[in-house]
Amino acid sequence: TGRLDVFFCGQDTHDRRHKAIEAAQTSARPERRRVVATREFLADGSKGGLDRGEYALMMAETKFAPCPSGPESPDSFRLYEALEAGAIPIADEVTPRGAMPGYWDFVFGGPVPFPVMPGDWRGLAAVIQPIAERSWTERASRIHAWWLQFKRRLAYQLVDAVHELAGTAPEHVTPDEQITVLI
């Protein structure tokens, strides 16, 4: 396919990110990867980054998106962008301040289906290669289905929380009540 194997565009602002960027630059053949490191948040094409449209297109056209930690927590908006775009995020569980094992399972309320880098980013190619060679389409499809289900469950939880805080009874409508089948 025309997909890139690896895409990263983001800030190189701490050592953990720097190591992830170095690993991304060697994790796939040059023609199968795009790695853009910037010093600024939301750097556009004039500042060495990509404009929003090109960034979104690249994310939608990649198989794997390394998602190194932010400065304080493993979290990064890039993980959610990758999930939305259908790429497989490679999450981080180490920050510049240290390891945070189980972070993503805590955030999502259970085991996550995407790979998590527990240590050195130099292992990125070893994480990507077996999935890319054997089962990327299947794995990406499972991750995307999980993400859709997570968002749907979250939406129901938010509606229930609003009703609870307002002291009103939620109107529970199940998917079965919303689906009509014509044969």
# chains A, B, ... in the order shown; residues from 1 in each chain; ligands from 1

$ closest_atom_pairs --of "segment 18-65 of chain A" --to "segment 134-139 of chain A" --cutoff "12 Å" --atoms "only C-alpha atoms" --output "tab-separated table"
residue	atom	partner	partner_atom	distance
A:Thr62	CA	A:Trp136	CA	11.0
A:Lys63	CA	A:Trp136	CA	7.5
A:Phe64	CA	A:Trp136	CA	9.3

$ residues_around --residues "Arg34 of chain A" --least-positions-apart "3" --cutoff "9 Å" --atoms "only C-alpha atoms" --output "list in words"
Leu4, Asp5, Val6, Phe7, Phe8, Cys9, Ala24, Gln25, Pro30, Glu31 and Met58 of chain A

$ write_last_selection --atoms "C-alpha atoms" --output "CSV table (one decimal), in the first residue's frame"
chain,number,residue,atom,x,y,z
A,4,LEU,CA,4.1,5.0,5.5
A,5,ASP,CA,5.4,2.5,8.1
A,6,VAL,CA,6.3,5.2,10.6
A,7,PHE,CA,5.3,8.8,11.0
A,8,PHE,CA,6.3,11.3,13.7
A,9,CYS,CA,6.0,15.0,13.7
A,24,ALA,CA,11.8,6.5,14.5
A,25,GLN,CA,14.5,7.7,12.1
A,30,PRO,CA,13.8,6.0,4.5
A,31,GLU,CA,11.1,5.9,1.8
A,58,MET,CA,0.5,11.9,7.1

$ closest_residue --among "A:Gly167, A:Pro113, A:Pro96, A:Gly86" --to "Met59 of chain A" --atoms "only C-alpha atoms"
A:Gly86

$ select_by_dssp --residues "segment 79-178 of chain A" --states "strand (DSSP E or B)" --output "ChimeraX atom specification"
/A:88-92,94-95,98-99,116-117

$ select_by_dssp --residues "chain A" --states "alpha helix (DSSP H)" --output "ChimeraX atom specification"
/A:15-26,52-60,77-85,103-108,124-134,136-166,175-178

$ residues_around --residues "Arg17 of chain A" --least-positions-apart "2" --cutoff "10 Å" --atoms "only C-alpha atoms" --output "mmCIF file with all heavy atoms, in the first residue's frame"
data_model
loop_
_atom_site.group_PDB
_atom_site.id
_atom_site.type_symbol
_atom_site.label_atom_id
_atom_site.label_comp_id
_atom_site.auth_asym_id
_atom_site.auth_seq_id
_atom_site.Cartn_x
_atom_site.Cartn_y
_atom_site.Cartn_z
ATOM 1 N N GLY A 10 6.708 16.197 15.732
ATOM 2 C CA GLY A 10 6.454 16.784 17.034
ATOM 3 C C GLY A 10 7.697 17.375 17.650
ATOM 4 O O GLY A 10 8.777 17.361 17.062
ATOM 5 N N GLN A 11 7.511 17.859 18.846
ATOM 6 C CA GLN A 11 8.573 18.532 19.563
ATOM 7 C C GLN A 11 9.673 17.575 20.021
ATOM 8 O O GLN A 11 9.399 16.471 20.460
ATOM 9 C CB GLN A 11 8.011 19.230 20.795
ATOM 10 C CG GLN A 11 7.114 20.401 20.490
ATOM 11 C CD GLN A 11 6.553 20.973 21.773
ATOM 12 O OE1 GLN A 11 5.691 20.360 22.389
ATOM 13 N NE2 GLN A 11 7.056 22.137 22.160
ATOM 14 N N ASP A 12 10.897 18.062 19.938
ATOM 15 C CA ASP A 12 12.064 17.369 20.493
ATOM 16 C C ASP A 12 12.523 18.222 21.669
ATOM 17 O O ASP A 12 13.444 19.018 21.551
ATOM 18 C CB ASP A 12 13.160 17.250 19.418
ATOM 19 C CG ASP A 12 14.362 16.459 19.888
ATOM 20 O OD1 ASP A 12 14.389 16.036 21.056
ATOM 21 O OD2 ASP A 12 15.298 16.288 19.082
ATOM 22 N N THR A 13 11.823 18.072 22.805
ATOM 23 C CA THR A 13 12.033 18.988 23.924
ATOM 24 C C THR A 13 12.621 18.346 25.174
ATOM 25 O O THR A 13 12.893 19.044 26.141
ATOM 26 C CB THR A 13 10.704 19.654 24.311
ATOM 27 O OG1 THR A 13 9.721 18.636 24.521
ATOM 28 C CG2 THR A 13 10.250 20.606 23.222
ATOM 29 N N HIS A 14 12.759 17.036 25.176
ATOM 30 C CA HIS A 14 13.413 16.381 26.311
ATOM 31 C C HIS A 14 14.042 15.078 25.835
ATOM 32 O O HIS A 14 13.791 14.614 24.720
ATOM 33 C CB HIS A 14 12.466 16.177 27.507
ATOM 34 C CG HIS A 14 11.217 15.408 27.207
ATOM 35 N ND1 HIS A 14 11.198 14.051 27.003
ATOM 36 C CD2 HIS A 14 9.928 15.823 27.096
ATOM 37 C CE1 HIS A 14 9.960 13.653 26.790
ATOM 38 N NE2 HIS A 14 9.170 14.702 26.833
ATOM 39 N N ASP A 15 14.883 14.515 26.660
ATOM 40 C CA ASP A 15 15.682 13.359 26.246
ATOM 41 C C ASP A 15 14.828 12.170 25.815
ATOM 42 O O ASP A 15 15.166 11.483 24.856
ATOM 43 C CB ASP A 15 16.640 12.944 27.369
ATOM 44 C CG ASP A 15 17.669 11.937 26.885
ATOM 45 O OD1 ASP A 15 18.373 12.247 25.887
ATOM 46 O OD2 ASP A 15 17.749 10.835 27.481
ATOM 47 N N LYS A 19 15.163 10.414 22.145
ATOM 48 C CA LYS A 19 15.447 8.982 21.907
ATOM 49 C C LYS A 19 14.369 8.362 21.013
ATOM 50 O O LYS A 19 14.661 7.536 20.152
ATOM 51 C CB LYS A 19 15.541 8.218 23.225
ATOM 52 C CG LYS A 19 16.624 8.708 24.135
ATOM 53 C CD LYS A 19 17.971 8.243 23.684
ATOM 54 C CE LYS A 19 18.987 8.530 24.776
ATOM 55 N NZ LYS A 19 20.238 9.023 24.337
ATOM 56 N N ALA A 20 13.126 8.746 21.208
ATOM 57 C CA ALA A 20 12.035 8.229 20.366
ATOM 58 C C ALA A 20 12.202 8.692 18.923
ATOM 59 O O ALA A 20 11.977 7.919 17.980
ATOM 60 C CB ALA A 20 10.683 8.668 20.925
ATOM 61 N N ILE A 21 12.589 9.939 18.744
ATOM 62 C CA ILE A 21 12.798 10.478 17.393
ATOM 63 C C ILE A 21 13.951 9.750 16.711
ATOM 64 O O ILE A 21 13.847 9.355 15.544
ATOM 65 C CB ILE A 21 13.031 12.004 17.452
ATOM 66 C CG1 ILE A 21 11.719 12.692 17.862
ATOM 67 C CG2 ILE A 21 13.547 12.542 16.129
ATOM 68 C CD1 ILE A 21 11.886 14.135 18.300
ATOM 69 N N GLU A 22 15.041 9.536 17.433
ATOM 70 C CA GLU A 22 16.170 8.783 16.867
ATOM 71 C C GLU A 22 15.726 7.380 16.457
ATOM 72 O O GLU A 22 16.084 6.897 15.388
ATOM 73 C CB GLU A 22 17.309 8.681 17.879
ATOM 74 C CG GLU A 22 18.113 9.936 18.051
ATOM 75 C CD GLU A 22 19.235 9.772 19.082
ATOM 76 O OE1 GLU A 22 19.207 8.811 19.887
ATOM 77 O OE2 GLU A 22 20.140 10.626 19.071
ATOM 78 N N ALA A 23 14.944 6.729 17.305
ATOM 79 C CA ALA A 23 14.472 5.376 16.995
ATOM 80 C C ALA A 23 13.546 5.389 15.782
ATOM 81 O O ALA A 23 13.627 4.502 14.918
ATOM 82 C CB ALA A 23 13.760 4.776 18.204
ATOM 83 N N ALA A 37 11.153 16.645 13.500
ATOM 84 C CA ALA A 37 11.318 17.109 14.879
ATOM 85 C C ALA A 37 11.329 18.627 14.903
ATOM 86 O O ALA A 37 11.969 19.264 14.065
ATOM 87 C CB ALA A 37 12.618 16.564 15.457
ATOM 88 N N PRO A 66 4.796 6.633 16.663
ATOM 89 C CA PRO A 66 5.432 6.706 17.979
ATOM 90 C C PRO A 66 4.853 7.879 18.767
ATOM 91 O O PRO A 66 4.687 8.974 18.222
ATOM 92 C CB PRO A 66 6.911 6.943 17.666
ATOM 93 C CG PRO A 66 7.081 6.525 16.243
ATOM 94 C CD PRO A 66 5.762 6.778 15.580
ATOM 95 N N CYS A 67 4.530 7.636 20.029
ATOM 96 C CA CYS A 67 3.909 8.655 20.872
ATOM 97 C C CYS A 67 4.710 8.808 22.160
ATOM 98 O O CYS A 67 4.292 8.342 23.230
ATOM 99 C CB CYS A 67 2.470 8.266 21.189
ATOM 100 S SG CYS A 67 1.433 8.009 19.732
ATOM 101 N N PRO A 68 5.889 9.439 22.064
ATOM 102 C CA PRO A 68 6.697 9.612 23.267
ATOM 103 C C PRO A 68 5.991 10.501 24.284
ATOM 104 O O PRO A 68 5.123 11.293 23.925
ATOM 105 C CB PRO A 68 7.978 10.261 22.752
ATOM 106 C CG PRO A 68 7.608 10.892 21.466
ATOM 107 C CD PRO A 68 6.499 10.063 20.894
ATOM 108 N N SER A 69 6.396 10.359 25.530
ATOM 109 C CA SER A 69 5.727 11.047 26.630
ATOM 110 C C SER A 69 5.828 12.555 26.535
ATOM 111 O O SER A 69 6.705 13.102 25.871
ATOM 112 C CB SER A 69 6.329 10.591 27.957
ATOM 113 O OG SER A 69 7.539 11.261 28.216
ATOM 114 N N GLY A 70 4.930 13.179 27.272
ATOM 115 C CA GLY A 70 5.047 14.605 27.512
ATOM 116 C C GLY A 70 6.080 14.821 28.603
ATOM 117 O O GLY A 70 6.703 13.869 29.078
ATOM 118 N N PRO A 71 6.244 16.048 29.045
ATOM 119 C CA PRO A 71 7.277 16.331 30.040
ATOM 120 C C PRO A 71 6.952 15.807 31.443
ATOM 121 O O PRO A 71 7.857 15.542 32.227
ATOM 122 C CB PRO A 71 7.366 17.858 30.049
ATOM 123 C CG PRO A 71 6.076 18.329 29.492
ATOM 124 C CD PRO A 71 5.599 17.262 28.554
ATOM 125 N N ASP A 92 4.069 5.448 25.212
ATOM 126 C CA ASP A 92 5.209 5.496 26.123
ATOM 127 C C ASP A 92 4.688 5.303 27.540
ATOM 128 O O ASP A 92 3.577 5.715 27.851
ATOM 129 C CB ASP A 92 5.884 6.864 25.999
ATOM 130 C CG ASP A 92 7.337 6.881 26.435
ATOM 131 O OD1 ASP A 92 7.798 5.897 27.040
ATOM 132 O OD2 ASP A 92 8.015 7.884 26.167
ATOM 133 N N THR A 95 8.472 8.748 31.530
ATOM 134 C CA THR A 95 8.562 10.199 31.359
ATOM 135 C C THR A 95 9.985 10.626 31.712
ATOM 136 O O THR A 95 10.765 9.821 32.219
ATOM 137 C CB THR A 95 7.580 10.920 32.301
ATOM 138 O OG1 THR A 95 8.076 10.838 33.641
ATOM 139 C CG2 THR A 95 6.191 10.337 32.229
ATOM 140 N N PRO A 96 10.312 11.881 31.482
ATOM 141 C CA PRO A 96 11.626 12.356 31.917
ATOM 142 C C PRO A 96 11.826 12.194 33.427
ATOM 143 O O PRO A 96 12.946 12.134 33.907
ATOM 144 C CB PRO A 96 11.622 13.840 31.523
ATOM 145 C CG PRO A 96 10.689 13.907 30.367
ATOM 146 C CD PRO A 96 9.623 12.903 30.680
ATOM 147 N N TRP A 121 13.548 3.415 23.822
ATOM 148 C CA TRP A 121 12.950 3.547 22.495
ATOM 149 C C TRP A 121 13.769 2.862 21.409
ATOM 150 O O TRP A 121 13.270 2.657 20.308
ATOM 151 C CB TRP A 121 12.745 5.024 22.143
ATOM 152 C CG TRP A 121 11.462 5.560 22.692
ATOM 153 C CD1 TRP A 121 11.306 6.254 23.853
ATOM 154 C CD2 TRP A 121 10.155 5.414 22.139
ATOM 155 N NE1 TRP A 121 9.976 6.559 24.043
ATOM 156 C CE2 TRP A 121 9.255 6.056 22.997
ATOM 157 C CE3 TRP A 121 9.651 4.810 20.984
ATOM 158 C CZ2 TRP A 121 7.886 6.116 22.755
ATOM 159 C CZ3 TRP A 121 8.303 4.871 20.731
ATOM 160 C CH2 TRP A 121 7.421 5.511 21.607
#

$ atom_distance --atom1 "atom CA of Ile143 of chain A" --atom2 "atom CA of Met100 of chain A"
22.2 Å

$ atom_distance --atom1 "atom CA of Arg32 of chain A" --atom2 "atom CA of Pro130 of chain A"
15.9 Å

$ closest_residue --among "A:Phe150, A:Thr38, A:Thr174, A:Leu50" --to "Gly110 of chain A" --atoms "only C-alpha atoms"
A:Phe150

$ atom_distance --atom1 "atom CA of Met117 of chain A" --atom2 "atom CA of Arg142 of chain A"
19.2 Å

$ closest_residue --among "A:Pro115, A:Tyr55, A:Val159, A:Arg152" --to "Glu93 of chain A" --atoms "only C-alpha atoms"
A:Pro115
